[in-house]
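> Starting off with a structure, shown below.
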Amino acid sequence: MVKQPLDTAATAATAAAAAVLTCMAAFGPVPGSAAAPGADGAIAGTGPTAGARFVPGPCPKTPEPIAALGKARCGFLEVPENRSRPGSRTVKLAAAVIPAVKAKSGADPVVFMSGGPGGETFDDIPFLVDSGLNRDRDLVVMAQRGNLHDQPNLACPELDRFAARSVGLPSYAPSTQRLMVDAAKRCRDRLAADGTDLSAYNSTENAADFADLRTALGIKRWNVYGHSYGSDLALTYLRLHPQGVRAVALDSAAPPQYVSLPFAWASAGEGLGHLYRACAAEPACKSRYPDLAHTLNEQVRRLEAHPLTLNVRPPQGGDPVKVVLDGGALVNVLVAKGIPFPDVPAAIDELARGRPERFAKARAAGSVQVVGQTAHGLTNSVVCSEWVPGHSASGVLEAGRRAFPAWPDPVLAQAPQLAFQEQVCRVWNVPDRTAVQRVAPAGSVPTLFLNGTFDMKTGASWARRTARALPHSTTVQIPGIGHWVVPQSPCAQKVLASFLTRPTAPDTGCVAGLRWEPFTITPK
């Protein structure tokens, strides 16, 4: 689940918390004391993680200025790279505490766990602040291990450059696969040569990092807000480190016991199905686009058999780039919300009428990559150890057929936005961790699930399934919203704020009157 601002988001009552921040203002290193799960998922101990401490320092220099960092207290969490290996080198994780707008509120802080895995965390801060996360409580943000602003930074420029080039390649051709696998191998070889223990970049270690951060900052109790992969991490954290957790909010939930390549197909089918039904329930949309699913099915089959090659100017500007539109490209554009949801029926109809411009421009957007921003080293280490193992290629294909029985097998053989993962994971070569990671959450901590009905990355039904094991849980679906709900929905922001105030009895009343944004109706 790689985060995007249009789909990745926001998210903690005591005098002790205020005292903690006063202590931080003194800028003295503070030792940590979290339990220490090893890279294989075993708990290495219940005392302090040896060497864990918070060292105050300047805030990261972000590509675009972030106003909230002007008042933040920043620094690095220093922890062992691999807690299960004595003598493991130290890694430094950038962290910031953004003060509450209401001074001296006394409320427990909220810590944010970002999506990805590997997505840049600090550029989420404006979305979090605009969503009101620090209105009444301090907001704690930490870049997950390997991210931009961390030491080491597990960026893979090789994969960024491949992604930019791939918009002009057939989505699932063997030649495209070879280029992607080669880029992954070159990145892996470079990181390994630098001494990086890639087996230590996983959700167990990530969770232990946040446990160490809470202790190192002296925070007695906090709330957790995780988005997309951050929800996977939040549930892992809750299971392994429940101490000091007051409440957990999960936005666009990706429950660890379910996340896999087949999960991606089920979620795509669920989100697109909700969009089809919304169009059918809207008289103007139903009249103008009477059989939307059939039309898209025809276009996926047609373009997979006979791809279009066009020269298109990216929406970000610049010179036109070569774009290949095939069946796989259509699917990935839709899942990534490359086309705004209100425009999707019109875009599908236009494509069927020989006007592929909306899809082509959305595809061309991928040619503009911020090289070095995404920590693909963390992405691949998590995906290859926790998501890919345990499912055969035929299992992925069968999941695709269940979701979209009318689509051709070459499209369905690759999970949307997760192409060639079996081959990439062979060269990435990290241990299978599914036995310790694919575990259902349990416990009595109040939990909120927020999902959008049009989310094609993490289908809303997965939240309902997971909530059954959490007796103090609340599940909310926001109509017409995709991935990363809170920044896109004022109602979701109200629900989250109410939950953080009263975790066992949040006010969800605003949801009842919600509808999706009306679909774009183009002339025939």
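Following the order of the structure tokens, first chain is A, next is B, and so on, with residues numbered from 1 inside each chain and ligands from 1 in the order they appear.
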Show me, as a ChimeraX atom specification, the residues that have an atom within 10 Å of region 124-134 of chain A when counting only C-alpha atoms, minus same-chain residues fewer than 5 positions from it.
/A:3-5,8-12,65-69,97-102,109-112,114-115,119,139-141,225,486-490,492-494,496-497,500
> Put those residues in a file: C-alpha atoms, as an mmCIF file, in the first residue's frame.

data_model
loop_
_atom_site.group_PDB
_atom_site.id
_atom_site.type_symbol
_atom_site.label_atom_id
_atom_site.label_comp_id
_atom_site.auth_asym_id
_atom_site.auth_seq_id
_atom_site.Cartn_x
_atom_site.Cartn_y
_atom_site.Cartn_z
ATOM 1 C CA LYS A 3 0.804 6.174 0.348
ATOM 2 C CA GLN A 4 -0.236 9.147 -1.747
ATOM 3 C CA PRO A 5 -1.554 12.506 -0.505
ATOM 4 C CA THR A 8 -2.690 8.152 2.319
ATOM 5 C CA ALA A 9 -3.381 10.545 7.072
ATOM 6 C CA ALA A 10 -4.180 11.998 10.076
ATOM 7 C CA THR A 11 -3.749 11.330 13.513
ATOM 8 C CA ALA A 12 -3.592 11.428 21.875
ATOM 9 C CA PRO A 65 8.816 24.120 4.076
ATOM 10 C CA ILE A 66 6.443 22.662 6.689
ATOM 11 C CA ALA A 67 5.127 25.403 8.953
ATOM 12 C CA ALA A 68 4.284 23.039 11.810
ATOM 13 C CA LEU A 69 7.936 22.057 12.171
ATOM 14 C CA VAL A 97 6.649 16.413 18.478
ATOM 15 C CA ILE A 98 4.294 19.078 17.129
ATOM 16 C CA PRO A 99 2.643 20.959 19.989
ATOM 17 C CA ALA A 100 -1.112 21.166 20.460
ATOM 18 C CA VAL A 101 -2.777 24.296 19.146
ATOM 19 C CA LYS A 102 -4.538 24.615 22.493
ATOM 20 C CA PRO A 109 -0.561 12.793 22.623
ATOM 21 C CA VAL A 110 -1.355 11.038 19.371
ATOM 22 C CA VAL A 111 1.383 9.251 17.433
ATOM 23 C CA PHE A 112 1.085 8.849 13.675
ATOM 24 C CA SER A 114 2.395 6.471 8.079
ATOM 25 C CA GLY A 115 1.537 4.360 5.054
ATOM 26 C CA GLY A 119 6.371 6.314 2.158
ATOM 27 C CA LEU A 139 1.189 15.129 17.564
ATOM 28 C CA VAL A 140 4.171 12.768 17.485
ATOM 29 C CA VAL A 141 5.610 11.826 14.082
ATOM 30 C CA TYR A 225 -3.319 6.723 14.472
ATOM 31 C CA VAL A 486 -9.422 11.599 7.199
ATOM 32 C CA PRO A 487 -7.762 14.337 5.088
ATOM 33 C CA GLN A 488 -10.506 13.988 2.488
ATOM 34 C CA SER A 489 -13.575 14.029 4.752
ATOM 35 C CA PRO A 490 -14.589 16.690 7.310
ATOM 36 C CA ALA A 492 -14.191 11.609 9.249
ATOM 37 C CA GLN A 493 -12.181 14.331 10.969
ATOM 38 C CA LYS A 494 -15.079 14.945 13.377
ATOM 39 C CA LEU A 496 -11.701 10.878 14.750
ATOM 40 C CA ALA A 497 -11.667 13.911 17.060
ATOM 41 C CA LEU A 500 -9.812 10.617 20.638
#
> Would you give me, as JSON lines, each residue of region 312-395 of chain A having an atom within 9 Å of an atom of region 421-435 of chain A, along with its shortest atom pair and that distance in Å to one decimal, using only C-alpha atoms and sorting by chain and residue number?

{"residue": "A:Asn380", "atom": "CA", "partner": "A:Trp428", "partner_atom": "CA", "distance": 7.2}
{"residue": "A:Ser381", "atom": "CA", "partner": "A:Val430", "partner_atom": "CA", "distance": 6.6}
{"residue": "A:Val382", "atom": "CA", "partner": "A:Val430", "partner_atom": "CA", "distance": 8.9}
{"residue": "A:Val383", "atom": "CA", "partner": "A:Cys425", "partner_atom": "CA", "distance": 8.2}
{"residue": "A:Cys384", "atom": "CA", "partner": "A:Cys425", "partner_atom": "CA", "distance": 5.2}
{"residue": "A:Ser385", "atom": "CA", "partner": "A:Asp432", "partner_atom": "CA", "distance": 4.6}
{"residue": "A:Glu386", "atom": "CA", "partner": "A:Thr434", "partner_atom": "CA", "distance": 5.1}
{"residue": "A:Trp387", "atom": "CA", "partner": "A:Thr434", "partner_atom": "CA", "distance": 7.4}
{"residue": "A:Val388", "atom": "CA", "partner": "A:Glu422", "partner_atom": "CA", "distance": 6.9}
{"residue": "A:Pro389", "atom": "CA", "partner": "A:Asp432", "partner_atom": "CA", "distance": 6.4}
{"residue": "A:Gly390", "atom": "CA", "partner": "A:Thr434", "partner_atom": "CA", "distance": 7.7}
{"residue": "A:Ser392", "atom": "CA", "partner": "A:Glu422", "partner_atom": "CA", "distance": 8.7}
{"residue": "A:Ala393", "atom": "CA", "partner": "A:Glu422", "partner_atom": "CA", "distance": 7.9}
> I need the chosen residues saved as a short mmCIF file (atom, residue, chain, number, x, y, z; two decimals), in the first residue's frame, with N, CA, C and O atoms.

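Result file follows (part.cif):
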data_model
loop_
_atom_site.label_atom_id
_atom_site.label_comp_id
_atom_site.auth_asym_id
_atom_site.auth_seq_id
_atom_site.Cartn_x
_atom_site.Cartn_y
_atom_site.Cartn_z
N ASN A 380 10.34 -3.19 0.09
CA ASN A 380 10.59 -4.55 -0.37
C ASN A 380 10.85 -5.51 0.78
O ASN A 380 10.46 -6.68 0.72
N SER A 381 11.49 -5.03 1.84
CA SER A 381 11.78 -5.92 2.96
C SER A 381 10.49 -6.35 3.66
O SER A 381 10.35 -7.51 4.07
N VAL A 382 9.53 -5.43 3.80
CA VAL A 382 8.25 -5.78 4.41
C VAL A 382 7.42 -6.64 3.46
O VAL A 382 6.89 -7.70 3.84
N VAL A 383 7.28 -6.19 2.22
CA VAL A 383 6.45 -6.92 1.26
C VAL A 383 6.96 -8.34 1.06
O VAL A 383 6.19 -9.31 1.05
N CYS A 384 8.27 -8.49 0.92
CA CYS A 384 8.84 -9.80 0.61
C CYS A 384 8.88 -10.74 1.80
O CYS A 384 8.95 -11.96 1.62
N SER A 385 8.84 -10.22 3.00
CA SER A 385 8.87 -11.10 4.18
C SER A 385 7.48 -11.32 4.77
O SER A 385 7.24 -12.36 5.42
N GLU A 386 6.54 -10.38 4.53
CA GLU A 386 5.26 -10.45 5.23
C GLU A 386 4.04 -10.58 4.31
O GLU A 386 3.02 -11.11 4.74
N TRP A 387 4.11 -10.10 3.09
CA TRP A 387 2.93 -10.08 2.21
C TRP A 387 2.97 -11.15 1.13
O TRP A 387 1.95 -11.71 0.77
N VAL A 388 4.15 -11.39 0.57
CA VAL A 388 4.25 -12.27 -0.60
C VAL A 388 4.27 -13.75 -0.23
O VAL A 388 3.61 -14.57 -0.88
N PRO A 389 5.01 -14.17 0.81
CA PRO A 389 5.10 -15.62 1.08
C PRO A 389 3.74 -16.24 1.38
O PRO A 389 2.83 -15.59 1.90
N GLY A 390 3.64 -17.52 1.04
CA GLY A 390 2.44 -18.27 1.38
C GLY A 390 1.35 -18.25 0.33
O GLY A 390 0.30 -18.87 0.52
N SER A 392 0.81 -18.77 -3.90
CA SER A 392 1.40 -19.13 -5.19
C SER A 392 0.93 -18.18 -6.28
O SER A 392 -0.04 -17.42 -6.10
N ALA A 393 1.60 -18.24 -7.42
CA ALA A 393 1.17 -17.45 -8.57
C ALA A 393 -0.26 -17.81 -8.97
O ALA A 393 -1.06 -16.94 -9.34
#
> Between CA of Ala200 (chain A) and CA of Asn82 (chain A), what distance in Å does the model show, to one decimal?
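That distance, rounded to one decimal, is 5.3 Å.
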> So that I can check the surroundings of Leu77 (chain A), please list as a list in words every protein, DNA and RNA residue that reaches within 10 Å of it, counting only C-alpha atoms and ignoring chain neighbours fewer than 5 positions away.
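Counting only the stated atoms, we get Pro29, Val30, Pro31, Gly32, Ala52, Arg53, Phe54, Val55, Pro56, Thr90, Val91, Lys92, Leu93, Ala94, Ala95, Met142, Ala143, Arg145, Asp150, Asp209, Phe210, Asp212, Leu213, Ala216 and Leu217 of chain A.
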> Using DSSP on the backbone coordinates, identify the residues of region 38-93 of chain A assigned to helix (DSSP H, G or I); present them as a list in words.
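Of region 38-93 of chain A, only Ala67, Ala68, Leu69, Gly70 and Lys71 of chain A fall in helix (DSSP H, G or I).
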> When you count only C-alpha atoms, which of these residues is closest to Val411 (chain A): A:Val224, A:Leu296, A:Ala184, A:Leu397?
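That would be A:Leu397, the residue with the smallest distance to Val411 (chain A).
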